[in-house]
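Dumped run.cif below, it's mmCIF, C-alpha atoms and all ligand atoms:
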```
data_data
loop_
_atom_site.label_atom_id
_atom_site.label_comp_id
_atom_site.auth_asym_id
_atom_site.auth_seq_id
_atom_site.Cartn_x
_atom_site.Cartn_y
_atom_site.Cartn_z
CA MET A 832 -67.15 -2.78 17.59
CA GLN A 833 -65.94 -2.06 14.07
CA THR A 834 -63.95 -4.62 12.05
CA PHE A 835 -61.37 -3.92 9.36
CA GLY A 836 -60.54 -7.28 7.79
CA MET A 837 -58.51 -9.16 10.41
CA LEU A 838 -58.43 -6.24 12.85
CA ALA A 839 -61.25 -5.28 15.21
CA LEU A 840 -61.50 -1.77 16.62
CA LYS A 841 -62.66 -1.92 20.26
CA PRO A 842 -62.93 0.80 22.91
CA GLU A 843 -59.80 -0.71 24.58
CA GLY A 844 -57.79 -0.54 21.33
CA ILE A 845 -57.13 -2.53 18.17
CA GLU A 846 -57.29 -6.33 18.45
CA LEU A 847 -56.53 -9.14 16.06
CA ASP A 848 -59.83 -10.77 15.08
CA PHE A 849 -58.93 -14.48 15.15
CA ALA A 850 -62.12 -15.67 13.39
CA ALA A 851 -61.51 -13.23 10.51
CA THR A 852 -57.80 -14.19 10.42
CA ALA A 853 -58.73 -17.90 10.24
CA GLN A 854 -61.22 -17.20 7.44
CA TRP A 855 -58.67 -15.13 5.53
CA ILE A 856 -56.01 -17.88 5.76
CA LEU A 857 -58.46 -20.64 4.82
CA ASN A 858 -59.70 -18.56 1.83
CA PHE A 859 -56.08 -17.92 0.82
CA PHE A 860 -55.25 -21.66 0.87
CA ALA A 861 -58.53 -22.56 -0.90
CA GLY A 862 -57.39 -20.45 -3.87
CA LEU A 863 -53.95 -22.11 -4.17
CA SER A 864 -52.86 -24.82 -6.60
CA LEU A 865 -51.15 -27.94 -5.18
CA GLU A 866 -47.71 -26.57 -6.16
CA GLN A 867 -48.38 -23.17 -4.58
CA ALA A 868 -49.65 -24.80 -1.36
CA ALA A 869 -46.55 -27.05 -1.29
CA PHE A 870 -44.35 -23.94 -1.58
CA TYR A 871 -46.02 -22.12 1.35
CA LEU A 872 -46.08 -25.28 3.50
CA LEU A 873 -42.37 -25.81 2.80
CA ILE A 874 -41.64 -22.21 3.90
CA GLN A 875 -43.69 -22.81 7.08
CA ASN A 876 -41.74 -26.01 7.85
CA ILE A 877 -38.38 -24.31 7.23
CA LEU A 878 -39.41 -21.45 9.57
CA GLN A 879 -40.50 -23.94 12.24
CA TYR A 880 -37.12 -25.75 11.97
CA VAL A 881 -35.12 -22.50 12.25
CA LEU A 882 -37.24 -21.13 15.12
CA CYS A 883 -37.09 -24.40 17.13
CA LEU A 884 -33.28 -24.53 16.77
CA ALA A 885 -32.84 -20.81 17.58
CA ALA A 886 -35.16 -20.92 20.62
CA GLY A 887 -33.57 -24.20 21.77
CA HIS A 888 -30.01 -22.84 21.67
CA LEU A 889 -31.10 -19.63 23.38
CA LEU A 890 -32.65 -21.69 26.22
CA ILE A 891 -29.47 -23.82 26.48
CA MET A 892 -27.43 -20.63 26.93
CA MET A 893 -29.89 -19.22 29.49
CA PHE A 894 -30.08 -22.42 31.58
CA SER A 895 -26.54 -23.79 31.07
CA SER A 896 -26.15 -24.21 34.86
CA ARG A 897 -29.12 -26.63 34.96
CA ARG A 898 -27.82 -29.48 32.77
CA ILE A 899 -29.87 -32.71 33.06
CA ALA A 900 -28.09 -34.83 30.44
CA PRO A 901 -24.42 -35.00 29.41
CA ALA A 902 -23.46 -32.57 26.64
CA PRO A 903 -23.99 -34.14 23.19
CA ALA A 904 -21.12 -35.53 21.09
CA PRO A 905 -19.91 -33.36 18.17
CA LEU A 906 -22.55 -32.98 15.48
CA GLU A 907 -22.46 -35.64 12.75
CA GLN A 908 -23.29 -34.99 9.09
CA LYS A 909 -25.85 -37.81 9.28
CA GLU A 910 -27.82 -35.87 11.92
CA ILE A 911 -27.89 -32.78 9.71
CA TRP A 912 -29.10 -34.69 6.63
CA LEU A 913 -31.74 -36.62 8.58
CA SER A 914 -33.06 -33.38 10.10
CA ILE A 915 -33.20 -31.66 6.68
CA SER A 916 -35.03 -34.67 5.20
CA CYS A 917 -37.52 -34.30 8.07
CA ILE A 918 -38.44 -30.78 6.80
CA PHE A 919 -39.34 -32.19 3.37
CA LEU A 920 -41.21 -35.20 4.78
CA ASN A 921 -43.23 -32.98 7.13
CA THR A 922 -44.04 -30.77 4.13
CA ALA A 923 -45.23 -33.86 2.22
CA VAL A 924 -47.55 -34.73 5.15
CA ALA A 925 -48.85 -31.14 5.20
CA VAL A 926 -49.51 -31.26 1.44
CA ILE A 927 -51.52 -34.49 1.91
CA GLY A 928 -53.40 -32.68 4.70
CA PHE A 929 -54.10 -29.79 2.29
CA GLN A 930 -55.57 -32.24 -0.25
CA LEU A 931 -57.70 -33.94 2.42
CA TRP A 932 -58.96 -30.52 3.55
CA LYS A 933 -59.84 -29.55 -0.05
CA ALA A 934 -61.66 -32.89 -0.44
CA GLY A 935 -63.72 -32.11 2.69
CA ILE A 936 -62.25 -35.03 4.69
CA ILE A 937 -60.50 -32.65 7.09
CA VAL A 938 -62.85 -29.90 8.28
CA ILE A 939 -61.50 -26.76 9.99
CA HIS A 940 -63.92 -24.20 11.42
CA THR A 941 -63.14 -20.57 12.15
CA SER A 942 -64.66 -20.10 15.63
CA SER A 943 -62.55 -17.97 17.98
CA ASN A 944 -64.84 -18.48 20.98
CA ALA A 945 -62.47 -18.96 23.96
CA LEU A 946 -64.30 -22.00 25.38
CA SER A 947 -64.41 -23.79 22.03
CA VAL A 948 -60.70 -23.04 21.33
CA VAL A 949 -59.61 -24.23 24.82
CA THR A 950 -61.71 -27.40 24.37
CA ASP A 951 -60.11 -28.01 20.95
CA VAL A 952 -56.56 -27.59 22.32
CA MET A 953 -57.26 -29.89 25.31
CA CYS A 954 -58.90 -32.57 23.12
CA LEU A 955 -56.16 -32.47 20.45
CA LEU A 956 -53.42 -32.49 23.08
CA LEU A 957 -54.81 -35.38 25.15
CA LEU A 958 -55.86 -37.46 22.14
CA MET A 959 -52.51 -37.03 20.38
CA ASP A 960 -50.68 -37.63 23.67
CA LEU A 961 -52.52 -40.94 24.19
CA LEU A 962 -51.98 -42.08 20.59
CA MET A 963 -48.31 -41.02 20.67
CA TYR A 964 -47.85 -42.80 24.01
CA LEU A 965 -49.28 -46.03 22.55
CA THR A 966 -47.41 -45.84 19.22
CA HIS A 967 -44.18 -44.88 21.03
CA ARG A 968 -44.50 -47.97 23.27
CA ILE A 969 -45.13 -50.12 20.18
CA CYS A 970 -42.02 -48.58 18.53
CA HIS A 971 -39.93 -49.85 21.48
CA ILE A 972 -40.97 -53.50 20.91
CA PRO A 973 -37.60 -55.13 20.02
CA PHE A 974 -38.48 -56.40 16.53
CA ILE A 975 -40.09 -53.04 15.51
CA TYR A 976 -37.56 -50.72 17.21
CA PRO A 977 -34.68 -51.00 14.65
CA TRP A 978 -37.02 -50.34 11.70
CA VAL A 979 -38.73 -47.20 12.98
CA HIS A 980 -37.37 -45.65 16.16
CA LYS A 981 -33.70 -46.60 16.61
CA THR A 982 -32.52 -43.62 14.51
CA HIS A 983 -33.93 -41.15 17.05
CA HIS A 984 -32.22 -42.99 19.93
CA LEU A 985 -28.79 -43.06 18.21
CA TYR A 986 -28.23 -39.63 19.78
CA ASP A 987 -29.14 -40.13 23.42
CA ASN A 988 -27.58 -36.94 24.70
CA PRO A 989 -30.04 -34.76 22.84
CA ARG A 990 -29.64 -31.30 21.37
CA PRO A 991 -32.45 -29.20 19.79
CA LEU A 992 -31.68 -30.70 16.35
CA SER A 993 -32.48 -34.21 17.73
CA LEU A 994 -36.19 -33.32 17.52
CA PHE A 995 -35.86 -33.60 13.74
CA VAL A 996 -33.45 -36.58 13.66
CA LEU A 997 -35.96 -39.30 12.87
CA ASN A 998 -36.38 -42.31 10.62
CA PRO A 999 -38.66 -41.27 7.67
CA LEU A 1000 -41.15 -43.96 8.77
CA GLU A 1001 -41.41 -42.24 12.16
CA VAL A 1002 -42.03 -38.82 10.54
CA PHE A 1003 -44.83 -40.31 8.42
CA GLY A 1004 -46.17 -42.25 11.41
CA PHE A 1005 -46.58 -39.05 13.47
CA GLY A 1006 -47.84 -37.09 10.44
CA PHE A 1007 -50.55 -39.59 9.47
CA LEU A 1008 -51.62 -39.97 13.10
CA TRP A 1009 -52.09 -36.19 13.23
CA LEU A 1010 -54.04 -36.10 9.94
CA ALA A 1011 -56.26 -38.96 11.17
CA VAL A 1012 -56.96 -37.08 14.43
CA ILE A 1013 -57.95 -33.82 12.69
CA ALA A 1014 -60.06 -35.75 10.17
CA PHE A 1015 -61.87 -37.34 13.13
CA TYR A 1016 -62.02 -34.24 15.36
CA HIS A 1017 -63.24 -31.08 13.60
CA SER A 1018 -61.20 -28.40 15.35
CA SER A 1019 -61.08 -24.63 15.05
CA TRP A 1020 -58.18 -23.13 13.09
CA LEU A 1021 -56.93 -21.41 16.26
CA GLY A 1022 -57.08 -24.71 18.21
CA ILE A 1023 -54.90 -26.36 15.53
CA VAL A 1024 -52.42 -23.44 15.51
CA ILE A 1025 -52.06 -23.50 19.32
CA TYR A 1026 -51.67 -27.31 19.33
CA LEU A 1027 -48.95 -27.12 16.63
CA LEU A 1028 -47.13 -24.36 18.55
CA MET A 1029 -47.27 -26.49 21.71
CA ASN A 1030 -46.05 -29.51 19.74
CA ALA A 1031 -43.00 -27.55 18.51
CA THR A 1032 -42.40 -26.09 22.00
CA TRP A 1033 -42.55 -29.44 23.84
CA GLY A 1034 -40.49 -31.11 21.12
CA THR A 1035 -37.80 -28.46 21.59
CA LEU A 1036 -37.99 -28.57 25.42
CA GLY A 1037 -37.58 -32.36 25.45
CA HIS A 1038 -34.28 -32.20 23.54
CA LEU A 1039 -32.52 -29.31 25.30
CA GLY A 1040 -30.36 -31.29 27.73
CA VAL A 1041 -30.97 -28.46 30.25
CA GLU A 1042 -34.02 -27.76 32.44
CA PRO A 1043 -35.75 -24.38 32.07
CA MET A 1044 -38.78 -25.39 34.24
CA PRO A 1045 -38.56 -24.72 37.99
CA ASP A 1046 -38.05 -27.69 40.39
CA TYR A 1047 -41.57 -27.27 41.81
CA TRP A 1048 -43.16 -27.58 38.32
CA THR A 1049 -44.57 -31.12 38.81
CA ARG A 1050 -46.27 -30.01 42.05
CA ILE A 1051 -48.41 -27.35 40.28
CA PRO A 1052 -51.98 -28.69 39.96
CA VAL A 1053 -53.08 -29.50 36.35
CA LEU A 1054 -50.35 -27.40 34.64
CA GLY A 1055 -47.68 -29.54 36.34
CA ARG A 1056 -48.91 -32.54 34.34
CA LEU A 1057 -47.34 -30.92 31.26
CA THR A 1058 -43.90 -32.49 30.98
CA THR A 1059 -40.61 -30.81 31.80
CA SER A 1060 -37.45 -31.01 29.73
CA ARG A 1061 -36.15 -33.72 32.11
CA PHE A 1062 -39.09 -36.01 31.28
CA HIS A 1063 -38.06 -36.71 27.67
CA ALA A 1064 -34.33 -36.43 28.46
CA GLU A 1065 -34.89 -39.35 30.89
CA HIS A 1066 -36.61 -41.32 28.11
CA HIS A 1067 -33.47 -40.89 25.99
CA GLN A 1068 -31.38 -42.26 28.89
CA LEU A 1069 -33.70 -45.00 30.24
CA LYS A 1070 -35.69 -45.96 27.08
CA GLU A 1071 -38.32 -48.09 28.86
CA LYS A 1072 -39.70 -45.09 30.82
CA ASN A 1073 -41.55 -41.86 29.94
CA TYR A 1074 -43.14 -42.69 26.57
CA GLY A 1075 -45.53 -39.71 26.71
CA PHE A 1076 -44.81 -36.41 25.06
CA TYR A 1077 -46.88 -33.45 26.23
CA THR A 1078 -48.16 -34.82 29.55
CA ASP A 1079 -47.16 -37.48 32.08
CA VAL A 1080 -50.81 -38.57 32.43
CA TRP A 1081 -50.57 -41.79 30.40
CA ASP A 1082 -47.20 -42.83 31.87
CA SER A 1083 -48.63 -42.34 35.37
CA LEU A 1084 -51.76 -44.32 34.47
CA PHE A 1085 -49.92 -47.20 32.76
CA LYS A 1086 -47.06 -47.24 35.33
CA SER A 1087 -44.23 -46.42 32.94
CA ILE A 1088 -43.18 -43.14 34.55
CA SER A 1089 -39.55 -42.90 35.67
CA GLU A 1090 -38.94 -43.26 39.38
CA GLY A 1091 -38.52 -39.91 41.00
CA TYR A 1092 -39.84 -37.78 38.10
CA ARG A 1093 -42.86 -36.52 40.05
CA LYS A 1094 -40.88 -36.37 43.29
CA GLN A 1095 -38.56 -33.60 42.06
CA GLY A 1096 -38.42 -30.48 44.19
CA LYS A 1097 -39.96 -32.21 47.23
ZN ZN A 1101 -36.45 -37.59 21.65
ZN ZN A 1102 -38.26 -43.75 22.35
#
```

Please express what this file holds, its structure, as structure tokens.
Amino acid sequence: MQTFGMLALKPEGIELDFAATAQWILNFFAGLSLEQAAFYLLIQNILQYVLCLAAGHLLIMMFSSRRIAPAPAPLEQKEIWLSISCIFLNTAVAVIGFQLWKAGIIVIHTSSNALSVVTDVMCLLLLMDLLMYLTHRICHIPFIYPWVHKTHHLYDNPRPLSLFVLNPLEVFGFGFLWLAVIAFYHSSWLGIVIYLLMNATWGTLGHLGVEPMPDYWTRIPVLGRLTTSRFHAEHHQLKEKNYGFYTDVWDSLFKSISEGYRKQGK
């Protein structure tokens, strides 16, 4: 096999070499000043915002016959401003992450070995899911709720934008939890990228108001533990159920899963 930078020439054709790609990106960021890194991380957060909204509205059009929550009220200016502030706050968290990485507190390795990447994604996903489940439950304690989480529940018939309509404290809460997890767990670059893509995907799915997953989804072994769009839509309606985000594992274990969620399609 011959390699040309990030591309590897194999008998079957040209393939992207993920380890070389990871190394190239890490080298690129290592050479940036704080201001330059902030600029690129802002661009990345703007792109994520635009792509989540575009994909979300495309899915709503495709699955309009499978509505699971009433259509949202007309968009308010407050929602737009809160969601735009979320882009800048997420960028601030990413810049802090960049500084922690440069200081050696966050360590990212470049392995592209399939087993190690799958292990990283599973560990990051389950660990973040557990921590988000616990912090989400804490956020619903009555004297904490108005200070941190009420903003997100002001719009209980969600639309894709609702993913970004959060109190700044909640954005920082999630962001610092994530930085703490990757400081504790030394993941591969590819594991982090896949986790972040899944985070954006499940965030978008949870706020569609329509269901793209098939009715039999929850009956699929292992994969069916990943939540459907209905799972988080029900949290917006019921509030004291379905605190998890990526999986229903912790809600099942701690008995906070909504009645009937796992019985769909039976
Ligand atoms: Zn939500
Ligand atoms: Zn909530």

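Distance-wise, CA of Phe1007 in chain A and CA of Ile937 in chain A end up 12.4 Å apart.
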
Please build the interface table for range 928-1032 of chain A against range 881-884 of chain A with a cut-off of 9 Å, listing for each qualifying residue the nearest atom pair and the distance in Å to one decimal; count only C-alpha atoms, order rows by chain and increasing number, and write it as CSV.
```
residue,atom,partner,partner_atom,distance
A:Arg990,CA,A:Leu884,CA,9.0
A:Pro991,CA,A:Leu884,CA,5.6
A:Leu992,CA,A:Leu884,CA,6.4
A:Leu994,CA,A:Cys883,CA,9.0
A:Ala1031,CA,A:Cys883,CA,6.8
A:Thr1032,CA,A:Cys883,CA,7.4
```

Let's have the selection written as a short mmCIF file (atom, residue, chain, number, x, y, z; two decimals), keeping the file's coordinate frame, with C-alpha atoms.
```cif
data_model
loop_
_atom_site.label_atom_id
_atom_site.label_comp_id
_atom_site.auth_asym_id
_atom_site.auth_seq_id
_atom_site.Cartn_x
_atom_site.Cartn_y
_atom_site.Cartn_z
CA ARG A 990 -29.64 -31.30 21.37
CA PRO A 991 -32.45 -29.20 19.79
CA LEU A 992 -31.68 -30.70 16.35
CA LEU A 994 -36.19 -33.32 17.52
CA ALA A 1031 -43.00 -27.55 18.51
CA THR A 1032 -42.40 -26.09 22.00
#
```

Could you pull the residues within 10 Å of Met959 in chain A, counting all atoms listed in the file, minus those fewer than 3 positions along the same chain, as a ChimeraX atom specification?
/A:953-956,962-965,1005,1008-1009,1012-1013,1026,1030,1075-1077

I need the residues from that last selection saved to file as a PDB file, keeping the file's coordinate frame (with C-alpha atoms), if you can.
```
ATOM      1  CA  MET A 953     -57.260 -29.890  25.310  1.00  0.00           C
ATOM      2  CA  CYS A 954     -58.900 -32.570  23.120  1.00  0.00           C
ATOM      3  CA  LEU A 955     -56.160 -32.470  20.450  1.00  0.00           C
ATOM      4  CA  LEU A 956     -53.420 -32.490  23.080  1.00  0.00           C
ATOM      5  CA  LEU A 962     -51.980 -42.080  20.590  1.00  0.00           C
ATOM      6  CA  MET A 963     -48.310 -41.020  20.670  1.00  0.00           C
ATOM      7  CA  TYR A 964     -47.850 -42.800  24.010  1.00  0.00           C
ATOM      8  CA  LEU A 965     -49.280 -46.030  22.550  1.00  0.00           C
ATOM      9  CA  PHE A1005     -46.580 -39.050  13.470  1.00  0.00           C
ATOM     10  CA  LEU A1008     -51.620 -39.970  13.100  1.00  0.00           C
ATOM     11  CA  TRP A1009     -52.090 -36.190  13.230  1.00  0.00           C
ATOM     12  CA  VAL A1012     -56.960 -37.080  14.430  1.00  0.00           C
ATOM     13  CA  ILE A1013     -57.950 -33.820  12.690  1.00  0.00           C
ATOM     14  CA  TYR A1026     -51.670 -27.310  19.330  1.00  0.00           C
ATOM     15  CA  ASN A1030     -46.050 -29.510  19.740  1.00  0.00           C
ATOM     16  CA  GLY A1075     -45.530 -39.710  26.710  1.00  0.00           C
ATOM     17  CA  PHE A1076     -44.810 -36.410  25.060  1.00  0.00           C
ATOM     18  CA  TYR A1077     -46.880 -33.450  26.230  1.00  0.00           C
TER      19      TYR A1077
END
```

Produce as a PyMOL selection string the set of residues near ligand ZN 1102 (chain A), where near means within 7 Å with all atoms listed in the file considered.
chain A and resi 967+971+980+984+1066-1067+1070+1074

Kindly work out which residues sit at most 9 Å from ligand ZN 1101 (chain A), using all atoms listed in the file, and give the list as a count of residues only.
17

Considering all atoms listed in the file, tabulate each residue of range 1012-1081 of chain A that lies at most 10 Å from range 901-923 of chain A along with its nearest interatomic pair and the corresponding distance in Å to one decimal; arrange the rows by chain and ascending residue number and present them as a tab-separated table.
```
residue	atom	partner	partner_atom	distance
A:Leu1039	CA	A:Ala902	CA	9.7
A:Gly1040	CA	A:Ala902	CA	7.1
A:Val1041	CA	A:Ala902	CA	9.3
```

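Of the listed residues (A:Leu1084, A:Ala934, A:Val952, A:Val979), A:Val952 comes nearest to Met1029 in chain A; the distances count all atoms listed in the file.
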
Find the distance between CA of Ala1011 in chain A and CA of Ile975 in chain A and write it in Å to one decimal.
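Between these atoms lies a distance of 21.9 Å.
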
For Asn998 in chain A, which residue out of A:Ile936, A:Leu873, A:Leu961, A:Cys970 is the nearest one, using only C-alpha atoms?
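Closest residue, counting only C-alpha atoms: A:Cys970.
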
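For the atom pair formed by CA of Gly1022 in chain A and CA of Phe1062 in chain A, the distance is 24.9 Å, given to one decimal.
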
Would you place a box with edges along x, y and z of the file around all atoms of range 955-973 of chain A listed there, add 8 Å to each of its six sides, and report the centre and edge lengths in Å to one decimal, as lines of an AutoDock Vina configuration file?
```
center_x = -46.9
center_y = -43.8
center_z = 21.8
size_x = 34.6
size_y = 38.7
size_z = 22.6
```
